[in-house]
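See below for query34.csv, which holds CSV, C-alpha atoms and all ligand atoms.
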chain,number,residue,atom,x,y,z
A,1,MET,CA,-14.2,14.2,15.6
A,2,PRO,CA,-11.9,16.0,13.1
A,3,THR,CA,-11.1,14.0,10.0
A,4,VAL,CA,-7.3,14.7,10.0
A,5,GLN,CA,-5.2,15.1,13.1
A,6,GLN,CA,-1.5,15.8,13.4
A,7,ALA,CA,-0.7,13.5,16.3
A,8,ALA,CA,2.9,13.6,17.5
A,9,ASP,CA,4.8,13.4,14.3
A,10,ARG,CA,2.3,11.7,12.1
A,11,THR,CA,-0.9,12.4,10.1
A,12,GLU,CA,-3.8,10.4,11.4
A,13,ILE,CA,-7.2,10.0,9.7
A,14,THR,CA,-9.9,9.1,12.2
A,15,ASP,CA,-13.2,9.7,10.5
A,16,PRO,CA,-14.7,6.4,9.1
A,17,ALA,CA,-16.0,8.0,5.9
A,18,ALA,CA,-12.6,9.6,5.2
A,19,VAL,CA,-10.8,6.3,6.0
A,20,ARG,CA,-13.1,4.4,3.6
A,21,GLU,CA,-12.6,7.0,0.8
A,22,ILE,CA,-8.8,6.7,1.1
A,23,LEU,CA,-8.9,2.9,1.1
A,24,LEU,CA,-10.9,3.1,-2.2
A,25,ASP,CA,-8.6,5.6,-3.8
A,26,PRO,CA,-6.0,4.0,-6.1
A,27,GLY,CA,-3.8,7.2,-5.7
A,28,TYR,CA,-3.1,6.2,-2.1
A,29,VAL,CA,-0.7,3.2,-2.1
A,30,VAL,CA,0.8,0.8,0.5
A,31,PRO,CA,4.3,1.7,1.7
A,32,HIS,CA,6.9,0.3,-0.7
A,33,PRO,CA,8.8,-2.8,0.4
A,34,GLY,CA,11.9,-2.1,-1.6
A,35,ARG,CA,13.4,-4.2,-4.4
A,36,GLY,CA,15.9,-6.9,-5.2
A,37,ALA,CA,16.1,-8.8,-1.9
A,38,ASP,CA,17.8,-12.2,-1.7
A,39,PHE,CA,15.5,-15.2,-2.1
A,40,GLY,CA,14.3,-16.6,1.2
A,41,THR,CA,14.8,-13.5,3.4
A,42,VAL,CA,12.1,-11.5,5.2
A,43,ALA,CA,12.8,-8.6,2.7
A,44,TRP,CA,12.1,-11.1,-0.1
A,45,LEU,CA,8.8,-12.0,1.6
A,46,ARG,CA,7.7,-8.4,1.8
A,47,GLN,CA,8.5,-7.9,-1.8
A,48,HIS,CA,6.4,-10.9,-3.0
A,49,VAL,CA,3.2,-10.8,-0.9
A,50,ALA,CA,0.0,-9.1,-2.0
A,51,ARG,CA,0.0,-7.0,1.2
A,52,PHE,CA,2.8,-4.7,0.1
A,53,SER,CA,2.4,-4.9,-3.7
A,54,THR,CA,1.0,-2.2,-5.9
A,55,ALA,CA,1.5,-3.1,-9.6
A,56,GLU,CA,1.2,-6.9,-8.9
A,57,HIS,CA,-1.4,-6.6,-6.1
A,58,TYR,CA,-4.3,-8.2,-8.0
A,59,GLN,CA,-2.5,-11.4,-9.1
A,60,ARG,CA,-0.8,-11.9,-5.8
A,61,ARG,CA,-4.1,-11.3,-3.9
A,62,GLN,CA,-5.6,-14.0,-6.1
A,63,LEU,CA,-2.9,-16.5,-5.1
A,64,ALA,CA,-3.8,-15.8,-1.4
A,65,ALA,CA,-7.5,-16.0,-2.1
A,66,ASP,CA,-7.1,-19.3,-3.9
A,67,LEU,CA,-5.2,-20.8,-1.0
A,68,LEU,CA,-7.9,-19.5,1.5
A,69,GLY,CA,-10.6,-20.9,-0.8
A,70,GLN,CA,-9.3,-24.4,-0.1
A,71,LEU,CA,-9.6,-23.9,3.7
A,72,ASP,CA,-13.1,-24.4,5.2
A,73,PRO,CA,-13.7,-22.0,8.1
A,74,GLY,CA,-15.9,-24.7,9.8
A,75,TYR,CA,-13.0,-27.2,9.7
A,76,LEU,CA,-10.5,-24.5,11.0
A,77,ARG,CA,-12.9,-23.8,13.9
A,78,GLY,CA,-13.1,-27.4,14.9
A,79,ARG,CA,-9.4,-28.0,14.6
A,80,ALA,CA,-8.6,-24.9,16.7
A,81,SER,CA,-10.9,-26.2,19.4
A,82,GLN,CA,-9.4,-29.6,19.3
A,83,VAL,CA,-5.8,-28.4,19.5
A,84,THR,CA,-6.7,-26.0,22.3
A,85,ARG,CA,-8.3,-28.8,24.3
A,86,THR,CA,-5.2,-30.9,23.8
A,87,ILE,CA,-2.9,-28.1,25.2
A,88,VAL,CA,-5.3,-27.6,28.1
A,89,GLY,CA,-5.4,-31.3,28.8
A,90,ALA,CA,-1.6,-31.6,28.7
A,91,ALA,CA,-1.3,-28.8,31.3
A,92,GLY,CA,-3.2,-31.0,33.8
A,93,ASN,CA,-3.9,-29.1,37.0
A,94,GLU,CA,-1.0,-26.6,36.4
A,95,PRO,CA,-1.9,-23.0,35.4
A,96,PHE,CA,-0.8,-22.1,31.9
A,97,GLU,CA,-0.2,-18.6,30.3
A,98,VAL,CA,-2.9,-18.4,27.6
A,99,MET,CA,-1.4,-15.8,25.2
A,100,SER,CA,1.9,-17.6,24.7
A,101,ARG,CA,0.6,-21.2,25.0
A,102,VAL,CA,-2.6,-20.9,23.0
A,103,ALA,CA,-3.7,-17.5,21.5
A,104,ARG,CA,-0.4,-17.0,19.5
A,105,PRO,CA,0.5,-20.5,18.4
A,106,VAL,CA,-2.8,-22.3,17.9
A,107,PRO,CA,-4.3,-20.3,15.0
A,108,VAL,CA,-1.0,-20.4,13.1
A,109,MET,CA,-0.5,-24.2,13.8
A,110,VAL,CA,-3.9,-25.0,12.5
A,111,LEU,CA,-3.4,-22.9,9.4
A,112,ALA,CA,0.1,-24.2,8.8
A,113,ASP,CA,-1.1,-27.8,9.0
A,114,SER,CA,-4.0,-27.1,6.5
A,115,LEU,CA,-1.5,-25.4,4.2
A,116,HIS,CA,0.7,-28.5,4.2
A,117,ALA,CA,3.6,-27.4,6.4
A,118,SER,CA,5.6,-30.4,7.5
A,119,ASP,CA,5.9,-29.4,11.2
A,120,ALA,CA,3.1,-27.1,12.4
A,121,ALA,CA,4.6,-26.3,15.8
A,122,ARG,CA,8.0,-25.3,14.3
A,123,ALA,CA,6.1,-23.3,11.7
A,124,ALA,CA,4.4,-21.3,14.5
A,125,ASP,CA,7.8,-20.6,16.1
A,126,ALA,CA,9.1,-19.4,12.7
A,127,VAL,CA,6.1,-17.1,12.2
A,128,SER,CA,6.5,-15.6,15.6
A,129,ALA,CA,10.0,-14.5,14.6
A,130,ILE,CA,8.9,-13.0,11.3
A,131,ALA,CA,5.7,-11.2,12.5
A,132,PRO,CA,7.4,-8.4,14.5
A,133,VAL,CA,9.5,-7.2,11.4
A,134,TYR,CA,7.0,-8.0,8.6
A,135,GLN,CA,5.9,-4.4,8.0
A,136,PRO,CA,8.2,-2.4,5.7
A,137,GLY,CA,10.4,-0.1,7.7
A,138,SER,CA,9.8,-2.0,11.0
A,139,ALA,CA,13.5,-3.2,11.4
A,140,GLU,CA,16.9,-2.2,10.1
A,141,PRO,CA,18.2,-4.5,7.3
A,142,GLU,CA,21.1,-6.0,9.4
A,143,SER,CA,19.3,-5.9,12.8
A,144,ARG,CA,19.2,-9.0,14.9
A,145,ALA,CA,15.4,-9.1,14.7
A,146,GLU,CA,15.6,-9.1,10.8
A,147,LEU,CA,18.3,-11.8,10.8
A,148,VAL,CA,16.2,-14.0,13.2
A,149,ALA,CA,13.2,-13.4,10.9
A,150,ASN,CA,15.3,-14.5,7.9
A,151,VAL,CA,15.9,-17.9,9.6
A,152,GLY,CA,12.1,-18.1,10.1
A,153,VAL,CA,11.4,-17.5,6.4
A,154,ALA,CA,14.1,-20.1,5.4
A,155,GLN,CA,12.6,-22.6,7.8
A,156,LEU,CA,9.1,-22.2,6.3
A,157,ILE,CA,10.3,-22.4,2.8
A,158,SER,CA,12.1,-25.7,3.6
A,159,GLN,CA,8.9,-27.0,5.3
A,160,PHE,CA,6.7,-26.2,2.3
A,161,SER,CA,9.3,-27.5,-0.2
A,162,THR,CA,9.3,-30.9,1.4
A,163,LEU,CA,5.7,-31.7,0.7
A,164,LEU,CA,4.8,-29.5,-2.3
A,165,PRO,CA,5.9,-29.4,-5.9
A,166,PRO,CA,8.2,-26.5,-6.7
A,167,GLN,CA,6.5,-23.2,-6.1
A,168,SER,CA,7.0,-19.8,-7.8
A,169,ASP,CA,8.4,-17.0,-5.5
A,170,ASP,CA,4.9,-15.4,-5.4
A,171,ALA,CA,3.1,-18.7,-4.7
A,172,MET,CA,5.6,-19.6,-1.9
A,173,ALA,CA,5.4,-16.1,-0.4
A,174,ALA,CA,1.5,-16.2,-0.5
A,175,ARG,CA,1.5,-19.3,1.6
A,176,ILE,CA,4.0,-17.9,4.2
A,177,GLY,CA,2.3,-14.5,4.0
A,178,LEU,CA,-1.1,-16.0,5.2
A,179,LEU,CA,0.6,-17.4,8.3
A,180,VAL,CA,2.3,-14.1,9.1
A,181,GLN,CA,-0.9,-12.1,8.5
A,182,ALA,CA,-2.8,-14.4,10.8
A,183,HIS,CA,-0.4,-14.4,13.7
A,184,ASP,CA,-0.6,-11.1,15.6
A,185,ALA,CA,-4.2,-10.0,14.8
A,186,THR,CA,-5.8,-13.3,15.5
A,187,ALA,CA,-3.9,-13.7,18.8
A,188,VAL,CA,-4.9,-10.2,19.9
A,189,LEU,CA,-8.6,-10.9,19.0
A,190,ILE,CA,-8.6,-14.0,21.2
A,191,GLY,CA,-6.9,-12.2,24.1
A,192,THR,CA,-9.1,-9.1,23.9
A,193,ALA,CA,-12.3,-11.2,23.7
A,194,LEU,CA,-11.2,-13.4,26.6
A,195,LEU,CA,-10.5,-10.3,28.7
A,196,ALA,CA,-13.9,-8.8,27.8
A,197,GLU,CA,-15.6,-12.1,28.9
A,198,TYR,CA,-13.4,-12.2,32.1
A,199,GLU,CA,-14.5,-8.7,33.0
A,200,ALA,CA,-18.2,-9.4,32.2
A,201,ALA,CA,-18.6,-12.7,34.0
A,202,TYR,CA,-15.6,-15.1,33.9
A,203,GLY,CA,-13.6,-13.3,36.7
A,204,ALA,CA,-16.7,-13.3,39.0
A,205,GLY,CA,-17.0,-17.0,38.7
A,206,GLN,CA,-20.2,-16.8,36.7
A,207,PRO,CA,-20.9,-19.1,33.7
A,208,ALA,CA,-18.3,-18.3,31.1
A,209,LEU,CA,-20.5,-18.5,28.0
A,210,PRO,CA,-21.8,-15.2,26.7
A,211,ALA,CA,-25.5,-14.9,26.0
A,212,ASP,CA,-24.8,-14.2,22.3
A,213,GLY,CA,-22.5,-17.2,22.1
A,214,THR,CA,-18.7,-17.2,21.3
A,215,ALA,CA,-19.4,-15.9,17.8
A,216,GLY,CA,-21.3,-12.9,19.3
A,217,LEU,CA,-18.4,-12.2,21.7
A,218,VAL,CA,-15.9,-12.2,18.8
A,219,ALA,CA,-18.2,-9.9,16.7
A,220,ARG,CA,-18.6,-7.5,19.6
A,221,THR,CA,-14.8,-7.5,20.2
A,222,LEU,CA,-14.1,-6.7,16.5
A,223,ARG,CA,-16.5,-3.8,16.6
A,224,GLY,CA,-15.5,-2.4,20.0
A,225,ASP,CA,-11.8,-3.2,20.4
A,226,PRO,CA,-10.4,-4.3,17.0
A,227,PRO,CA,-7.0,-6.0,17.0
A,228,ALA,CA,-5.4,-4.0,14.1
A,229,ARG,CA,-5.8,-0.3,15.1
A,230,TRP,CA,-4.1,1.4,12.1
A,231,THR,CA,-3.1,0.8,8.6
A,232,ARG,CA,-0.9,3.1,6.5
A,233,ARG,CA,-1.0,4.5,3.0
A,234,VAL,CA,1.3,6.9,1.0
A,235,SER,CA,-0.6,9.9,-0.5
A,236,PRO,CA,-0.3,11.0,-4.1
A,237,ALA,CA,2.0,13.8,-2.6
A,238,GLY,CA,4.2,11.2,-1.0
A,239,GLU,CA,3.1,11.7,2.6
A,240,LEU,CA,2.7,8.7,4.9
A,241,VAL,CA,-0.8,8.8,6.5
A,242,TRP,CA,-2.1,6.6,9.3
A,243,LEU,CA,-5.7,5.4,8.9
A,244,SER,CA,-7.7,4.4,12.0
A,245,LEU,CA,-9.3,1.0,11.8
A,246,ALA,CA,-10.8,1.5,15.3
A,247,CYS,CA,-12.8,4.6,14.5
A,248,ALA,CA,-15.9,2.9,13.0
A,249,GLY,CA,-17.3,1.0,16.0
A,250,ASP,CA,-21.1,0.8,15.6
A,251,ASP,CA,-21.1,2.9,12.4
A,252,PRO,CA,-24.1,1.9,10.3
A,253,ALA,CA,-21.8,1.3,7.4
A,254,GLY,CA,-20.0,-1.4,9.4
A,255,HIS,CA,-16.7,-1.6,11.3
A,256,LEU,CA,-13.3,-1.4,9.7
A,257,ALA,CA,-11.5,-4.1,11.7
A,258,PHE,CA,-10.7,-6.0,8.5
A,259,GLY,CA,-10.1,-2.9,6.3
A,260,HIS,CA,-12.1,-1.9,3.3
A,261,GLY,CA,-12.1,-2.0,-0.5
A,262,PRO,CA,-9.7,-3.9,-2.7
A,263,ARG,CA,-7.4,-4.9,0.2
A,264,TYR,CA,-10.2,-6.0,2.6
A,265,CYS,CA,-8.8,-8.9,4.6
A,266,PRO,CA,-9.3,-12.0,2.6
A,267,GLY,CA,-8.9,-14.1,5.8
A,268,ALA,CA,-11.7,-12.4,7.8
A,269,ALA,CA,-13.9,-15.5,7.9
A,270,HIS,CA,-11.0,-17.8,8.7
A,271,ALA,CA,-9.7,-15.4,11.5
A,272,GLN,CA,-13.2,-15.4,13.1
A,273,ALA,CA,-13.5,-19.2,12.8
A,274,LEU,CA,-10.1,-19.7,14.4
A,275,ALA,CA,-10.8,-17.3,17.3
A,276,VAL,CA,-14.3,-18.8,17.9
A,277,GLY,CA,-12.8,-22.3,18.0
A,278,VAL,CA,-10.0,-21.4,20.5
A,279,LEU,CA,-12.4,-19.3,22.7
A,280,GLN,CA,-15.0,-22.0,22.8
A,281,ALA,CA,-12.5,-24.6,24.1
A,282,LEU,CA,-11.0,-22.1,26.7
A,283,LEU,CA,-14.4,-20.9,28.0
A,284,GLU,CA,-15.8,-24.4,28.3
A,285,HIS,CA,-12.8,-26.1,29.8
A,286,CYS,CA,-10.8,-23.5,31.8
A,287,GLN,CA,-11.1,-20.9,34.5
A,288,PRO,CA,-8.9,-18.0,35.5
A,289,ALA,CA,-6.0,-19.0,37.8
A,290,ALA,CA,-5.1,-15.3,38.5
A,291,PRO,CA,-6.2,-11.8,37.4
A,292,PRO,CA,-4.8,-10.9,34.0
A,293,VAL,CA,-2.0,-8.4,33.5
A,294,ILE,CA,-3.3,-5.9,30.9
A,295,GLY,CA,-1.1,-4.0,28.4
A,296,THR,CA,-1.2,-0.2,28.5
A,297,GLU,CA,-1.6,0.4,24.7
A,298,PRO,CA,-4.9,-0.2,23.0
A,299,PRO,CA,-6.3,-2.7,22.2
A,300,ARG,CA,-6.9,-3.9,25.8
A,301,VAL,CA,-5.1,-7.2,25.5
A,302,PRO,CA,-3.7,-9.3,28.3
A,303,THR,CA,0.1,-9.5,28.3
A,304,GLN,CA,-0.1,-12.3,30.9
A,305,PHE,CA,-3.2,-14.3,31.7
A,306,HIS,CA,-3.0,-17.7,33.5
A,307,LEU,CA,-5.8,-20.1,33.2
A,308,VAL,CA,-6.3,-23.5,34.7
A,309,ALA,CA,-8.3,-26.5,33.5
A,310,GLN,CA,-11.6,-27.0,35.4
A,401,LIG,C1,-8.5,-11.0,13.7
A,401,LIG,C2,-7.6,-11.2,12.8
A,401,LIG,C3,-7.3,-10.4,11.6
A,401,LIG,C4,-7.5,-9.0,11.4
A,401,LIG,C5,-8.1,-8.0,12.4
A,401,LIG,C6,-7.0,-8.7,10.0
A,401,LIG,C7,-7.1,-7.5,9.5
A,401,LIG,C8,-6.6,-7.1,8.2
A,401,LIG,C9,-6.7,-5.8,7.6
A,401,LIG,C10,-7.2,-4.6,8.3
A,401,LIG,C11,-6.1,-5.9,6.4
A,401,LIG,C12,-6.0,-4.8,5.3
A,401,LIG,C13,-4.8,-3.9,5.5
A,401,LIG,C14,-4.8,-2.7,4.6
A,401,LIG,O1,-5.7,-2.5,3.9
A,401,LIG,O2,-3.8,-2.0,4.7
A,401,LIG,C15,-5.7,-7.3,6.2
A,401,LIG,C16,-5.1,-7.8,5.0
A,401,LIG,C17,-4.8,-9.1,4.9
A,401,LIG,N1,-5.1,-10.1,5.7
A,401,LIG,FE1,-6.0,-10.0,7.5
A,401,LIG,N2,-6.6,-9.9,9.4
A,401,LIG,C18,-6.8,-10.9,10.3
A,401,LIG,C19,-6.5,-12.2,10.1
A,401,LIG,C20,-6.1,-12.7,8.9
A,401,LIG,C21,-5.9,-14.1,8.6
A,401,LIG,C22,-6.3,-15.3,9.6
A,401,LIG,C23,-5.5,-14.2,7.4
A,401,LIG,C24,-5.1,-15.5,6.6
A,401,LIG,C25,-5.3,-16.7,6.9
A,401,LIG,C26,-5.3,-12.9,6.9
A,401,LIG,C27,-4.8,-12.6,5.6
A,401,LIG,C28,-4.7,-11.3,5.1
A,401,LIG,C29,-4.1,-11.0,3.8
A,401,LIG,C30,-3.5,-12.0,2.8
A,401,LIG,C31,-4.1,-9.6,3.7
A,401,LIG,C32,-3.6,-8.7,2.5
A,401,LIG,C33,-4.7,-8.4,1.5
A,401,LIG,C34,-4.4,-7.5,0.4
A,401,LIG,O3,-3.4,-6.7,0.5
A,401,LIG,O4,-5.1,-7.5,-0.6
A,401,LIG,N3,-5.7,-12.0,7.8
A,401,LIG,N4,-6.1,-8.0,7.3
Would you mind writing the file out in structure tokens?
Amino acid sequence: MPTVQQAADRTEITDPAAVREILLDPGYVVPHPGRGADFGTVAWLRQHVARFSTAEHYQRRQLAADLLGQLDPGYLRGRASQVTRTIVGAAGNEPFEVMSRVARPVPVMVLADSLHASDAARAADAVSAIAPVYQPGSAEPESRAELVANVGVAQLISQFSTLLPPQSDDAMAARIGLLVQAHDATAVLIGTALLAEYEAAYGAGQPALPADGTAGLVARTLRGDPPARWTRRVSPAGELVWLSLACAGDDPAGHLAFGHGPRYCPGAAHAQALAVGVLQALLEHCQPAAPPVIGTEPPRVPTQFHLVAQ
């Protein structure tokens, strides 16, 4: 496979060694999030989280790592299972759509609760409005999506302000940033793993517990069909390059699903614990109510998948 490809109108790096090299090179920086945004907007969030910082990256990453250090992955796994079982129980004999009812909200609700949000369900709604426009350049400043996301950021700030002592901008953004970082990728991991299990056994009515356990299913999914396919860097010459996180598969040096180097995902253990917790509850207590509708873009994630309690 060539290292550099000119795909459509962008430069893509798809060789694992070359991706790793760039992710370790301080000359390649994350896309700039702009400056001077008003407090409490999504632009302000981008400008204060570690994810899009260059000069302040180390200190801001430490804030995120300190918060994550207070969250025990084993506890998160148990809570994710418990909340999932409650949602399944509340559905009774009615089929429910697993992506919208469980895969997206549950990990964020469990994290929000652990991070002292005052209303975890509302926090999950707010995060779902922020996530689509979180990446720099993903929405126009005055677009409706950006304005809706601003309401989400304000909602989370008010939730965290109710229960916590006053926070610096960076500390507040770190807390909100963890929820937003968790949202899409963890939901996609759950959906993709569920689909893999459906295709292997679940859909044929066979026992829905993989031989290598739920943790094995999650690990296989991360290697074979990782949720975040690309990340971006700006080269020393100012060119935007797209780095494949799905190119490493069974590479002996390890997969790239959680990135590499100084920006390696600090929530990797938490993400896997949340996904395992949700999947365990779903595989033990539900069966498919109808075949899934599968999205056309990789990763292979269900856009609609109805399950029913068994
Ligand atoms: C399956 C789920 C997840 C995947 C696949 C994933 C993947 C990634 C990747 C690839 C990066 C690095 C991006 C880059 O270098 O450009 C990253 C960064 C990050 N992730 Fe995750 N992530 C997941 C879940 C989570 C969760 C649950 C949290 C927190 C609770 C989290 C927090 C973060 C943070 C704070 C960063 C920024 C790190 C930095 O810039 O230093 N992630 N994630």
Just the residues within 8 Å of Gly261 of chain A, please, counting all atoms listed in the file, with nothing from its chain fewer than 5 positions along; format it as an MDAnalysis selection string.
chainID A and resid 20 23:24
Set the cut-off to 7 Å, count all atoms listed in the file, and list whatever residues fall near ligand LIG 401 (chain A) as a PyMOL selection string.
chain A and resi 23+30+50-52+57+61+64+68+111+177-179+181-182+185-186+189+226-228+231-232+245+257-260+262-268+270-272
Quick check, in Å to one decimal: how far apart do atom CA of Ala187 of chain A and atom CA of Met99 of chain A lie?
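Pair atom CA of Ala187 of chain A / atom CA of Met99 of chain A returns 7.2 Å.
What separates atom CA of Pro31 of chain A from atom CA of Asp225 of chain A is a distance of 25.2 Å.
Considering only C-alpha atoms, the residue among A:Leu282, A:Ala289, A:Ile176, A:Ala65 positioned nearest to His116 of chain A is A:Ile176.
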Atom CA of Gly92 of chain A to atom CA of Ala290 of chain A, straight-line distance in Å:
16.5 Å
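Of the residues under consideration (A:Arg101, A:Arg122, A:His32, A:Arg85), A:His32 shows the shortest atom-to-atom contact distance to Gly238 of chain A when counting all atoms listed in the file.
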Let me make sure I understand: among A:Gly89, A:Pro73, A:Gly27, A:Pro105, which one has the smallest atom-to-atom distance to Ala281 of chain A if we use all atoms listed in the file?
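Distance minimum relative to Ala281 of chain A lands on A:Gly89.
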Would you list the contacts of Gly277 of chain A as a short mmCIF file (atom, residue, chain, number, x, y, z; two decimals) with C-alpha atoms, in the frame of the given file, taking every protein, DNA or RNA residue within 12 Å and counting all atoms listed in the file, but skipping same-chain residues closer than 2 positions in sequence?
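Output (around.cif):
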data_model
loop_
_atom_site.label_atom_id
_atom_site.label_comp_id
_atom_site.auth_asym_id
_atom_site.auth_seq_id
_atom_site.Cartn_x
_atom_site.Cartn_y
_atom_site.Cartn_z
CA PRO A 73 -13.70 -22.00 8.10
CA GLY A 74 -15.90 -24.70 9.80
CA TYR A 75 -13.00 -27.20 9.70
CA LEU A 76 -10.50 -24.50 11.00
CA ARG A 77 -12.90 -23.80 13.90
CA GLY A 78 -13.10 -27.40 14.90
CA ARG A 79 -9.40 -28.00 14.60
CA ALA A 80 -8.60 -24.90 16.70
CA SER A 81 -10.90 -26.20 19.40
CA GLN A 82 -9.40 -29.60 19.30
CA VAL A 83 -5.80 -28.40 19.50
CA THR A 84 -6.70 -26.00 22.30
CA ARG A 85 -8.30 -28.80 24.30
CA VAL A 102 -2.60 -20.90 23.00
CA ALA A 103 -3.70 -17.50 21.50
CA VAL A 106 -2.80 -22.30 17.90
CA PRO A 107 -4.30 -20.30 15.00
CA VAL A 110 -3.90 -25.00 12.50
CA THR A 186 -5.80 -13.30 15.50
CA ILE A 190 -8.60 -14.00 21.20
CA GLY A 213 -22.50 -17.20 22.10
CA THR A 214 -18.70 -17.20 21.30
CA ALA A 215 -19.40 -15.90 17.80
CA VAL A 218 -15.90 -12.20 18.80
CA HIS A 270 -11.00 -17.80 8.70
CA ALA A 271 -9.70 -15.40 11.50
CA GLN A 272 -13.20 -15.40 13.10
CA ALA A 273 -13.50 -19.20 12.80
CA LEU A 274 -10.10 -19.70 14.40
CA ALA A 275 -10.80 -17.30 17.30
CA LEU A 279 -12.40 -19.30 22.70
CA GLN A 280 -15.00 -22.00 22.80
CA ALA A 281 -12.50 -24.60 24.10
CA LEU A 282 -11.00 -22.10 26.70
CA LEU A 283 -14.40 -20.90 28.00
CA GLU A 284 -15.80 -24.40 28.30
#
Could you check which of A:Val108, A:Val29, A:Ala246, A:Leu156 is closest to His183 of chain A, using all atoms listed in the file?
A:Val108
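Distance check against Ala201 of chain A using all atoms listed in the file: of A:Asn93, A:Gln304, A:Thr14, A:Gln287, the minimum falls on A:Gln287.
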Minimum-distance residue to Pro95 of chain A, chosen among A:Glu297, A:Asp38, A:Cys286, A:Leu209 (using all atoms listed in the file):
A:Cys286
Using only C-alpha atoms, which residues sit within 7 Å of Tyr28 of chain A once same-chain residues fewer than 6 positions away are excluded, as a list of chain:residue names?
A:Ile22, A:Arg233, A:Val234, A:Ser235, A:Pro236
Contact residues around segment 129-145 of chain A with only C-alpha atoms at 8 Å, ignoring same-chain residues under 2 positions, as a PyMOL selection string
chain A and resi 31-33+42+46+125-127+147-150+152-153+180-181+183-184
Can you pull out the residues contacting segment 160-171 of chain A? Cut-off 9 Å, using all atoms listed in the file, and skip same-chain residues under 5 positions away; I want them as a list in words.
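That gives Phe39, Gly40, Trp44, Leu45, His48, Val49, Ala50, Arg60, Leu63, Ala64, Leu115, His116, Ala117, Ser118, Gln155 and Ile176 of chain A.
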Taking the structure in the block just given, could you write segment 212-223 of chain A with N, CA and C atoms, as an mmCIF file, in the first residue's frame?
data_model
loop_
_atom_site.group_PDB
_atom_site.id
_atom_site.type_symbol
_atom_site.label_atom_id
_atom_site.label_comp_id
_atom_site.auth_asym_id
_atom_site.auth_seq_id
_atom_site.Cartn_x
_atom_site.Cartn_y
_atom_site.Cartn_z
ATOM 1 N N ASP A 212 -14.470 -15.561 23.084
ATOM 2 C CA ASP A 212 -13.414 -14.807 23.781
ATOM 3 C C ASP A 212 -14.008 -13.739 24.713
ATOM 4 N N GLY A 213 -15.297 -13.838 25.025
ATOM 5 C CA GLY A 213 -15.925 -12.921 25.975
ATOM 6 C C GLY A 213 -16.193 -11.556 25.339
ATOM 7 N N THR A 214 -16.928 -10.715 26.074
ATOM 8 C CA THR A 214 -17.283 -9.400 25.528
ATOM 9 C C THR A 214 -16.040 -8.530 25.351
ATOM 10 N N ALA A 215 -15.062 -8.691 26.276
ATOM 11 C CA ALA A 215 -13.832 -7.898 26.142
ATOM 12 C C ALA A 215 -13.081 -8.307 24.874
ATOM 13 N N GLY A 216 -13.140 -9.611 24.536
ATOM 14 C CA GLY A 216 -12.498 -10.085 23.305
ATOM 15 C C GLY A 216 -13.189 -9.519 22.081
ATOM 16 N N LEU A 217 -14.512 -9.477 22.121
ATOM 17 C CA LEU A 217 -15.286 -8.909 21.009
ATOM 18 C C LEU A 217 -14.899 -7.436 20.787
ATOM 19 N N VAL A 218 -14.797 -6.692 21.887
ATOM 20 C CA VAL A 218 -14.450 -5.269 21.794
ATOM 21 C C VAL A 218 -13.024 -5.112 21.241
ATOM 22 N N ALA A 219 -12.096 -5.938 21.730
ATOM 23 C CA ALA A 219 -10.705 -5.841 21.263
ATOM 24 C C ALA A 219 -10.616 -6.160 19.771
ATOM 25 N N ARG A 220 -11.354 -7.196 19.328
ATOM 26 C CA ARG A 220 -11.354 -7.560 17.898
ATOM 27 C C ARG A 220 -11.925 -6.433 17.059
ATOM 28 N N THR A 221 -12.984 -5.808 17.569
ATOM 29 C CA THR A 221 -13.621 -4.728 16.815
ATOM 30 C C THR A 221 -12.667 -3.534 16.682
ATOM 31 N N LEU A 222 -11.962 -3.214 17.760
ATOM 32 C CA LEU A 222 -11.023 -2.084 17.702
ATOM 33 C C LEU A 222 -9.924 -2.336 16.671
ATOM 34 N N ARG A 223 -9.479 -3.588 16.581
ATOM 35 C CA ARG A 223 -8.422 -3.905 15.609
ATOM 36 C C ARG A 223 -8.964 -3.907 14.180
#
